>>> print(open('structure_2.csv').read())   # CSV, C-alpha atoms
chain,number,residue,atom,x,y,z
A,1,MET,CA,-13.3,89.7,-20.1
A,2,GLU,CA,-14.8,91.3,-23.2
A,3,LYS,CA,-13.4,88.5,-25.3
A,4,ILE,CA,-15.2,86.0,-23.2
A,5,LYS,CA,-18.4,88.0,-23.5
A,6,ASP,CA,-17.9,88.1,-27.3
A,7,LEU,CA,-17.4,84.3,-27.4
A,8,TRP,CA,-20.5,83.8,-25.3
A,9,LYS,CA,-22.6,85.9,-27.6
A,10,ASN,CA,-21.2,84.9,-30.9
A,11,THR,CA,-19.9,81.3,-30.5
A,12,LYS,CA,-22.2,78.3,-29.9
A,13,TRP,CA,-19.5,75.8,-29.1
A,14,PHE,CA,-18.2,78.0,-26.3
A,15,LYS,CA,-21.6,77.9,-24.7
A,16,ILE,CA,-21.6,74.1,-25.0
A,17,LEU,CA,-18.1,73.9,-23.6
A,18,VAL,CA,-19.0,76.1,-20.6
A,19,PHE,CA,-22.2,74.0,-20.1
A,20,ILE,CA,-20.3,70.7,-20.1
A,21,THR,CA,-17.6,72.1,-17.8
A,22,CYS,CA,-20.2,73.4,-15.3
A,23,ILE,CA,-22.1,70.1,-15.3
A,24,SER,CA,-18.8,68.2,-14.8
A,25,LEU,CA,-17.9,70.4,-11.9
A,26,LEU,CA,-21.3,69.8,-10.4
A,27,PHE,CA,-20.8,66.1,-10.8
A,28,ILE,CA,-17.4,66.1,-9.2
A,29,LEU,CA,-18.3,68.5,-6.4
A,30,TRP,CA,-21.6,66.7,-5.7
A,31,PRO,CA,-21.6,67.5,-2.0
A,32,ILE,CA,-21.6,71.2,-2.8
A,33,THR,CA,-24.2,70.6,-5.5
A,34,LEU,CA,-26.4,68.8,-3.1
A,35,ILE,CA,-26.2,71.6,-0.5
A,36,SER,CA,-26.9,74.1,-3.3
A,37,GLY,CA,-29.9,72.1,-4.4
A,38,LEU,CA,-31.3,71.9,-0.9
A,39,ILE,CA,-30.9,75.6,-0.5
A,40,MET,CA,-32.5,76.2,-3.8
A,41,TYR,CA,-35.4,73.9,-2.8
A,42,GLY,CA,-35.8,75.9,0.4
A,43,TYR,CA,-35.8,79.1,-1.6
A,44,ALA,CA,-38.5,77.7,-3.9
A,45,LEU,CA,-40.7,76.9,-0.9
A,46,TYR,CA,-40.1,80.4,0.4
A,47,SER,CA,-41.1,81.8,-3.0
A,48,VAL,CA,-44.4,79.8,-3.0
A,49,VAL,CA,-45.3,80.9,0.5
A,50,LYS,CA,-44.5,84.5,-0.2
A,51,SER,CA,-46.5,84.6,-3.5
A,52,LYS,CA,-49.5,82.8,-2.1
A,53,ILE,CA,-49.8,84.5,1.3
A,54,ARG,CA,-48.4,88.0,0.7
A,55,GLY,CA,-48.9,88.2,-3.0
A,56,GLN,CA,-45.3,89.2,-3.4
A,57,TYR,CA,-42.9,87.5,-5.8
A,58,THR,CA,-39.2,86.8,-5.4
A,59,LYS,CA,-36.6,87.4,-8.0
A,60,PHE,CA,-36.9,83.8,-9.3
A,61,LYS,CA,-40.3,82.4,-9.9
A,62,PRO,CA,-41.3,79.4,-7.7
A,63,LYS,CA,-41.5,77.0,-10.7
A,64,THR,CA,-38.0,78.0,-11.9
A,65,SER,CA,-36.6,77.6,-8.4
A,66,PHE,CA,-38.2,74.1,-8.1
A,67,ILE,CA,-36.8,73.0,-11.5
A,68,LEU,CA,-33.3,74.3,-10.6
A,69,ALA,CA,-33.4,72.7,-7.1
A,70,THR,CA,-34.5,69.4,-8.5
A,71,SER,CA,-31.8,69.5,-11.2
A,72,LEU,CA,-29.1,70.2,-8.7
A,73,ILE,CA,-30.3,67.4,-6.4
A,74,PHE,CA,-30.5,65.0,-9.3
A,75,ILE,CA,-27.0,65.9,-10.5
A,76,SER,CA,-25.6,65.5,-7.0
A,77,ILE,CA,-27.2,62.1,-6.6
A,78,ILE,CA,-25.6,60.9,-9.9
A,79,GLY,CA,-22.3,62.4,-8.9
A,80,CYS,CA,-22.5,60.6,-5.6
A,81,ILE,CA,-23.1,57.3,-7.4
A,82,VAL,CA,-20.5,57.7,-10.1
A,83,THR,CA,-17.6,59.5,-8.2
A,84,PRO,CA,-17.1,56.8,-5.5
A,85,ASP,CA,-16.8,54.1,-8.2
A,86,THR,CA,-14.1,56.0,-9.9
A,87,THR,CA,-12.3,56.6,-6.6
A,88,ASN,CA,-12.6,52.9,-5.7
A,89,THR,CA,-11.3,51.9,-9.1
A,90,ASP,CA,-8.3,54.2,-8.7
A,91,SER,CA,-7.7,53.0,-5.1
A,92,LYS,CA,-8.0,49.3,-6.3
A,93,SER,CA,-5.5,50.0,-9.1
A,94,GLU,CA,-3.2,51.6,-6.6
A,95,THR,CA,-3.4,48.7,-4.1
A,96,THR,CA,-3.3,45.9,-6.6
A,97,PRO,CA,0.5,46.0,-6.9
A,98,LYS,CA,0.7,45.8,-3.1
A,99,VAL,CA,-1.5,42.8,-3.1
A,100,THR,CA,0.5,41.2,-5.8
A,101,LYS,CA,3.7,41.8,-4.0
A,102,THR,CA,2.1,40.4,-0.8
A,103,SER,CA,0.9,37.3,-2.7
A,104,GLN,CA,4.3,36.9,-4.3
A,105,SER,CA,6.0,37.1,-0.9
A,106,ILE,CA,3.5,34.5,0.5
A,107,THR,CA,4.0,32.2,-2.5
A,108,SER,CA,7.8,32.5,-2.2
A,109,SER,CA,7.7,31.8,1.5
A,110,SER,CA,5.4,28.8,1.0
A,111,SER,CA,7.7,27.5,-1.7
A,112,LYS,CA,10.6,27.8,0.7
A,113,LYS,CA,8.7,26.0,3.4
A,114,GLU,CA,7.8,23.2,0.9
A,115,LYS,CA,11.5,22.9,-0.1
A,116,GLN,CA,12.5,22.7,3.6
A,117,ALA,CA,9.8,20.1,4.2
A,118,SER,CA,11.0,18.0,1.3
A,119,GLN,CA,14.6,18.3,2.4
A,120,LYS,CA,13.5,17.2,5.9
A,121,LYS,CA,11.6,14.2,4.4
A,122,ASP,CA,14.7,13.3,2.3
A,123,THR,CA,16.9,13.5,5.4
A,124,THR,CA,14.4,11.4,7.4
A,125,LYS,CA,14.3,8.8,4.6
A,126,LYS,CA,18.1,8.6,4.6
A,127,GLU,CA,18.2,8.3,8.4
A,128,THR,CA,15.5,5.6,8.2
A,129,SER,CA,17.3,3.7,5.5
A,130,VAL,CA,20.5,3.8,7.5
A,131,ALA,CA,18.7,2.8,10.7
A,132,SER,CA,16.9,-0.1,9.0
A,133,LYS,CA,20.1,-1.5,7.5
A,134,PRO,CA,20.3,-5.2,8.5
A,135,ILE,CA,22.9,-6.4,11.0
A,136,GLU,CA,25.5,-8.7,9.5
A,137,THR,CA,25.6,-12.1,11.3
A,138,THR,CA,25.8,-15.8,10.9
A,139,PRO,CA,23.4,-18.6,11.7
A,140,ASP,CA,25.6,-19.7,14.7
A,141,LYS,CA,25.6,-16.1,16.1
A,142,LEU,CA,21.9,-15.8,15.6
A,143,VAL,CA,21.2,-19.1,17.4
A,144,GLU,CA,23.5,-17.9,20.2
A,145,LYS,CA,21.4,-14.7,20.6
A,146,ILE,CA,18.2,-16.8,20.6
A,147,ASN,CA,19.6,-19.1,23.3
A,148,ASN,CA,20.9,-16.3,25.6
A,149,GLY,CA,17.7,-14.1,25.2
A,150,THR,CA,19.4,-11.1,23.6
A,151,LEU,CA,17.3,-11.3,20.4
A,152,LYS,CA,14.8,-8.4,20.1
A,153,SER,CA,11.6,-8.1,18.1
A,154,GLY,CA,11.9,-5.7,15.1
A,155,GLU,CA,15.6,-6.4,14.5
A,156,LYS,CA,16.8,-7.2,11.0
A,157,TYR,CA,19.7,-9.5,10.2
A,158,HIS,CA,21.6,-10.5,7.1
A,159,PHE,CA,23.5,-13.8,6.7
A,160,VAL,CA,24.3,-16.6,4.3
A,161,GLY,CA,23.0,-20.0,5.2
A,162,GLU,CA,23.2,-23.6,3.9
A,163,MET,CA,19.9,-25.4,3.9
A,164,MET,CA,19.4,-28.7,5.7
A,165,ARG,CA,16.7,-31.2,6.8
A,166,SER,CA,14.5,-30.5,3.8
A,167,ASP,CA,12.5,-33.7,4.6
A,168,ASN,CA,11.4,-32.0,7.8
A,169,TRP,CA,10.3,-28.7,6.3
A,170,SER,CA,6.6,-28.2,7.1
A,171,THR,CA,3.9,-25.8,8.3
A,172,ASP,CA,3.8,-25.6,12.1
A,173,SER,CA,0.9,-24.7,14.4
A,174,SER,CA,1.4,-21.0,13.9
A,175,GLY,CA,0.6,-21.5,10.2
A,176,ASN,CA,4.2,-20.6,9.1
A,177,TYR,CA,6.4,-22.7,6.9
A,178,THR,CA,9.5,-23.8,8.8
A,179,VAL,CA,12.8,-24.5,7.1
A,180,TYR,CA,16.2,-25.2,8.6
A,181,VAL,CA,19.7,-23.7,8.1
A,182,LYS,CA,22.9,-25.2,9.2
A,183,ALA,CA,24.4,-23.9,12.4
A,184,PRO,CA,27.4,-26.2,13.0
A,185,GLU,CA,28.6,-24.7,16.2
A,186,GLN,CA,25.4,-24.0,18.1
A,187,ALA,CA,23.0,-26.5,16.6
A,188,SER,CA,24.8,-29.1,14.5
A,189,ILE,CA,22.0,-31.6,14.4
A,190,ALA,CA,18.8,-29.6,14.5
A,191,GLY,CA,20.1,-26.5,12.7
A,192,MET,CA,18.5,-23.1,13.0
A,193,SER,CA,14.8,-22.9,12.2
A,194,LEU,CA,13.3,-19.9,10.4
A,195,TYR,CA,10.0,-19.1,8.8
A,196,ALA,CA,10.0,-18.7,5.0
A,197,ASP,CA,7.6,-18.6,2.1
A,198,GLU,CA,6.8,-22.1,1.0
A,199,HIS,CA,6.8,-21.1,-2.7
A,200,ASP,CA,10.4,-19.8,-2.3
A,201,ALA,CA,11.4,-22.9,-0.3
A,202,GLU,CA,10.4,-25.0,-3.3
A,203,ARG,CA,13.7,-23.9,-5.0
A,204,TRP,CA,15.8,-24.8,-2.0
A,205,THR,CA,17.0,-28.2,-0.9
A,206,ASP,CA,19.8,-29.7,1.3
A,207,GLY,CA,23.0,-27.9,0.5
A,208,THR,CA,21.5,-24.9,-1.2
A,209,GLN,CA,23.4,-21.7,-0.3
A,210,VAL,CA,20.9,-18.8,0.3
A,211,ASP,CA,21.5,-15.2,1.0
A,212,PHE,CA,19.0,-14.2,3.7
A,213,VAL,CA,17.6,-11.0,5.2
A,214,VAL,CA,15.3,-11.8,8.1
A,215,ASN,CA,13.1,-9.8,10.5
A,216,ILE,CA,12.8,-10.9,14.1
A,217,LYS,CA,9.1,-11.2,15.0
A,218,ASN,CA,7.0,-12.3,17.9
A,219,VAL,CA,5.0,-15.4,16.8
A,220,ASP,CA,2.2,-17.1,18.7
A,221,LEU,CA,3.3,-20.7,18.9
A,222,ASN,CA,1.0,-23.0,20.9
A,223,GLY,CA,-0.2,-20.1,23.1
A,224,TYR,CA,3.3,-18.8,23.7
A,225,LYS,CA,5.0,-15.7,22.2
A,226,VAL,CA,8.3,-16.8,20.6
A,227,LEU,CA,10.9,-14.7,18.8
A,228,MET,CA,11.5,-16.2,15.3
A,229,PRO,CA,13.5,-15.1,12.3
A,230,VAL,CA,11.1,-14.5,9.4
A,231,VAL,CA,12.6,-14.4,5.9
A,232,LYS,CA,12.1,-11.0,4.3
A,233,THR,CA,14.3,-11.5,1.2
A,234,SER,CA,16.2,-14.4,-0.1
A,235,LYS,CA,18.6,-15.1,-3.0
A,236,ILE,CA,20.0,-18.4,-4.1
A,237,LEU,CA,23.8,-18.3,-4.3
A,238,SER,CA,24.3,-22.0,-5.3
A,239,GLY,CA,22.7,-25.4,-5.3
A,240,GLY,CA,19.2,-24.2,-6.2
A,241,THR,CA,16.5,-26.6,-7.5
A,242,THR,CA,12.9,-26.7,-8.5
A,243,LYS,CA,9.8,-28.3,-7.1
A,244,GLU,CA,9.8,-30.8,-10.0
A,245,GLN,CA,13.4,-31.7,-9.4
A,246,LYS,CA,12.8,-32.1,-5.6
A,247,ASP,CA,9.7,-34.2,-6.2
A,248,SER,CA,11.7,-36.4,-8.6
A,249,ILE,CA,14.5,-36.8,-6.2
A,250,LYS,CA,12.1,-37.6,-3.4
A,251,GLU,CA,10.3,-40.2,-5.4
A,252,ASN,CA,13.6,-41.9,-6.4
A,253,ASP,CA,14.8,-41.8,-2.9
A,254,TYR,CA,11.6,-43.4,-1.7
A,255,TYR,CA,11.6,-46.3,-4.2
A,256,ASP,CA,15.3,-46.8,-3.7
A,257,ALA,CA,14.8,-47.1,0.1
A,258,LEU,CA,12.0,-49.7,-0.5
A,259,SER,CA,14.3,-51.7,-2.9
A,260,SER,CA,17.0,-51.6,-0.3
A,261,ALA,CA,14.6,-52.9,2.3
A,262,ALA,CA,13.7,-55.8,0.1
A,263,GLN,CA,17.4,-56.8,-0.2
A,264,THR,CA,17.8,-56.4,3.6
A,265,VAL,CA,14.9,-58.8,4.2
A,266,ASN,CA,16.2,-61.3,1.7
A,267,THR,CA,19.7,-61.2,3.3
A,268,SER,CA,18.3,-61.6,6.8
A,269,LEU,CA,16.2,-64.6,5.8
A,270,GLY,CA,18.9,-66.2,3.6
A,271,THR,CA,16.5,-66.6,0.7
A,272,ASN,CA,14.7,-64.4,-1.9
A,273,ALA,CA,11.4,-63.9,-0.1
A,274,ILE,CA,10.8,-60.7,-2.1
A,275,ASP,CA,11.5,-60.8,-5.8
A,276,SER,CA,11.2,-57.0,-6.2
A,277,ILE,CA,9.4,-53.8,-5.1
A,278,ASP,CA,8.4,-51.8,-8.2
A,279,ARG,CA,6.9,-48.4,-8.7
A,280,GLY,CA,3.1,-48.5,-8.7
A,281,TYR,CA,0.6,-46.7,-10.9
A,282,SER,CA,1.4,-43.4,-9.2
A,283,TYR,CA,3.6,-42.1,-6.4
A,284,PRO,CA,3.7,-43.3,-3.6
A,285,ALA,CA,2.2,-46.6,-4.7
A,286,ALA,CA,4.5,-49.6,-4.8
A,287,ASN,CA,4.0,-53.2,-6.0
A,288,VAL,CA,5.6,-55.8,-3.6
A,289,ASN,CA,6.3,-59.0,-5.6
A,290,LEU,CA,6.7,-61.9,-3.2
A,291,ASN,CA,8.6,-65.0,-4.2
A,292,ILE,CA,6.7,-68.1,-5.3
A,293,VAL,CA,7.9,-69.8,-2.1
A,294,PHE,CA,5.1,-68.0,-0.3
A,295,ALA,CA,2.6,-70.1,-2.2
A,296,SER,CA,3.8,-73.1,-0.1
A,297,TYR,CA,2.8,-71.4,3.1
A,298,SER,CA,-0.6,-71.5,4.7
A,299,ASN,CA,-2.8,-68.5,4.5
A,300,MET,CA,-2.3,-67.8,8.1
A,301,GLU,CA,1.5,-67.8,7.7
A,302,ILE,CA,1.3,-65.6,4.6
A,303,LYS,CA,-0.9,-63.1,6.4
A,304,SER,CA,1.5,-62.9,9.3
A,305,LEU,CA,4.6,-62.5,7.2
A,306,VAL,CA,3.0,-59.9,4.9
A,307,GLN,CA,1.7,-58.0,7.9
A,308,THR,CA,5.2,-57.9,9.5
A,309,LEU,CA,6.8,-56.9,6.2
A,310,ASN,CA,4.2,-54.1,5.7
A,311,GLU,CA,4.9,-52.6,9.1
A,312,SER,CA,8.6,-52.4,8.2
A,313,LEU,CA,7.9,-50.8,4.8
A,314,VAL,CA,5.5,-48.2,6.3
A,315,LYS,CA,8.2,-47.1,8.8
A,316,ILE,CA,10.6,-46.7,5.9
A,317,ALA,CA,8.0,-44.6,4.0
A,318,HIS,CA,7.4,-42.4,7.0
A,319,SER,CA,11.2,-41.8,7.3
A,320,LYS,CA,11.1,-40.5,3.8
A,321,GLY,CA,8.2,-38.1,4.5
A,322,VAL,CA,5.5,-40.2,3.0
A,323,ASP,CA,2.5,-40.4,5.4
A,324,ASN,CA,0.2,-42.6,3.4
A,325,PRO,CA,2.2,-45.1,1.3
A,326,GLN,CA,0.3,-47.6,-0.8
A,327,PHE,CA,1.6,-51.2,-1.0
A,328,HIS,CA,0.1,-53.9,-3.2
A,329,TYR,CA,1.2,-57.5,-2.5
A,330,TYR,CA,1.5,-60.1,-5.2
A,331,ILE,CA,2.4,-63.8,-5.4
A,332,SER,CA,3.1,-65.0,-8.9
A,333,GLY,CA,1.4,-62.0,-10.4
A,334,VAL,CA,-1.8,-62.5,-8.4
A,335,GLU,CA,-2.7,-59.7,-5.9
A,336,ILE,CA,-3.4,-61.0,-2.4
A,337,GLY,CA,-3.9,-57.8,-0.6
A,338,GLU,CA,-3.1,-54.1,0.0
A,339,ASN,CA,-2.5,-51.9,3.0
A,340,ARG,CA,-5.1,-49.4,4.2
A,341,SER,CA,-3.2,-46.4,3.0
A,342,ILE,CA,-5.7,-43.9,4.1
A,343,MET,CA,-7.1,-45.2,7.4
A,344,ASP,CA,-4.2,-47.2,8.8
A,345,PRO,CA,-1.2,-47.8,6.4
A,346,SER,CA,0.4,-50.3,8.8
A,347,LYS,CA,-2.6,-52.7,8.4
A,348,VAL,CA,-3.1,-55.0,5.4
A,349,LYS,CA,-6.4,-55.8,3.9
A,350,PHE,CA,-6.3,-59.2,2.3
A,351,ASN,CA,-8.6,-60.1,-0.6
A,352,SER,CA,-10.5,-63.2,-1.5
A,353,ASN,CA,-7.5,-64.9,-3.1
A,354,LEU,CA,-6.1,-65.5,0.5
A,355,LYS,CA,-9.3,-66.4,2.3
>>> encode(input="structure_2.csv", output="structure tokens")
Amino acid sequence: MEKIKDLWKNTKWFKILVFITCISLLFILWPITLISGLIMYGYALYSVVKSKIRGQYTKFKPKTSFILATSLIFISIIGCIVTPDTTNTDSKSETTPKVTKTSQSITSSSSKKEKQASQKKDTTKKETSVASKPIETTPDKLVEKINNGTLKSGEKYHFVGEMMRSDNWSTDSSGNYTVYVKAPEQASIAGMSLYADEHDAERWTDGTQVDFVVNIKNVDLNGYKVLMPVVKTSKILSGGTTKEQKDSIKENDYYDALSSAAQTVNTSLGTNAIDSIDRGYSYPAANVNLNIVFASYSNMEIKSLVQTLNESLVKIAHSKGVDNPQFHYYISGVEIGENRSIMDPSKVKFNSNLK
């Protein structure tokens, strides 16, 4: 105890250390400091009353008591502000690992759920791909299902078919392009009709072998719902062609048919009434060169013969898929008339050379 007294009397740093320690304790124990300050404040008021009214003084002067009370209250207020922050900081630092662990567990659980969801999606995709696999069939079997009413909308079929009746391929009233595939057992003449993309069909012709995948769909045809095979995918296996090749073949076939008709007429008449039928300036125009013998006929006879001949040629053109053939008629190189290719191809309009 004496050593402490000596330090207090002779050492300045000890006084400073004691002062700092006391202030720190007052900060930390701020509730006690606040109570002490309030008590001291009450004591100061008591000192003032006693000195003013009774003329007596307490051990501590009122001014000293007020200063001490104010200091204690001020220190307690600062301690109240500072100490909770420190406590909260400590508590936060303690709880942070817990939050981190919780967030990690949430993250891991969510990642597990995502993996499970992705696995379910993959499984669903596999099941869907298996379920949507096309049914293997043939054109004959498909026609049979159409005829007996067992075909269902949404079904998918795979088959290989041989194209036919290319001259009759066209867009029907539903707006779909119709092509025909051979079905020798169920529809040997008409074949099986199916809807296809016209652009794809340009590469097909009679005899082309095509690998098809078709979807069965309900199609509105003339106000009725009809189940029709609609081509989803197609692949040429053999006998493919191009639009240009098809057009060239069609043109050649058309002009060959006209030439054959001229020979038939000559044979039936027993004379060369038609010298030749040549290609015109553009398809499907044709120049019909009549024999000079026509010049010996009257105008009425020539008109009648040419009109009859024109009707026969128009029928041949229609059989080749040409709706508006153009025929120009000549005798000895002089044009005598032409058919009305747009308005009425079967009618001939004669010019002034035959009036």
>>> atom_distance(input="structure_2.csv", atom1="atom CA of A:Ile216", atom2="atom CA of A:Val230")
6.2 Å
>>> closest_residue(input="structure_2.csv", among="A:Asp253, A:Glu155, A:Glu162, A:Glu202", to="A:Met228", atoms="only C-alpha atoms")
A:Glu155
>>> residues_around(input="structure_2.csv", residues="A:Val288", least_positions_apart="5", cutoff="8 Å", atoms="all atoms listed in the file", output="PyMOL selection string")
chain A and resi 274+276-278+327-330
>>> write_last_selection(input="structure_2.csv", atoms="C-alpha atoms", output="mmCIF file, in the coordinates of the input")
data_model
loop_
_atom_site.group_PDB
_atom_site.id
_atom_site.type_symbol
_atom_site.label_atom_id
_atom_site.label_comp_id
_atom_site.auth_asym_id
_atom_site.auth_seq_id
_atom_site.Cartn_x
_atom_site.Cartn_y
_atom_site.Cartn_z
ATOM 1 C CA ILE A 274 10.800 -60.700 -2.100
ATOM 2 C CA SER A 276 11.200 -57.000 -6.200
ATOM 3 C CA ILE A 277 9.400 -53.800 -5.100
ATOM 4 C CA ASP A 278 8.400 -51.800 -8.200
ATOM 5 C CA PHE A 327 1.600 -51.200 -1.000
ATOM 6 C CA HIS A 328 0.100 -53.900 -3.200
ATOM 7 C CA TYR A 329 1.200 -57.500 -2.500
ATOM 8 C CA TYR A 330 1.500 -60.100 -5.200
#
>>> atom_distance(input="structure_2.csv", atom1="atom CA of A:Asn353", atom2="atom CA of A:Glu311")
21.3 Å
>>> atom_distance(input="structure_2.csv", atom1="atom CA of A:Asp323", atom2="atom CA of A:Lys182")
25.7 Å
>>> closest_residue(input="structure_2.csv", among="A:Lys347, A:Thr138, A:Asn266, A:Glu144", to="A:Val181", atoms="only C-alpha atoms")
A:Thr138
>>> closest_residue(input="structure_2.csv", among="A:Val322, A:Ala190, A:Val179, A:Leu17", to="A:Lys250", atoms="all atoms listed in the file")
A:Val322
>>> closest_residue(input="structure_2.csv", among="A:Ser188, A:Thr267, A:Thr150, A:Ser238", to="A:Asp211", atoms="only C-alpha atoms")
A:Ser238
>>> residues_near_point(input="structure_2.csv", point="(28.3, -26.5, 11.3)", cutoff="12 Å", atoms="all atoms listed in the file", output="number ranges by chain")
A: 138-141, 143, 161-164, 181-192
>>> closest_residue(input="structure_2.csv", among="A:Leu45, A:Val210, A:Ala261, A:Ile236", to="A:Thr64", atoms="all atoms listed in the file")
A:Leu45
>>> closest_residue(input="structure_2.csv", among="A:Thr205, A:Asn168, A:Thr264, A:Thr242", to="A:His318", atoms="only C-alpha atoms")
A:Asn168
>>> residues_around(input="structure_2.csv", residues="A:Ile336", least_positions_apart="5", cutoff="10 Å", atoms="only C-alpha atoms", output="PyMOL selection string")
chain A and resi 302-303+306+328-331+348-355
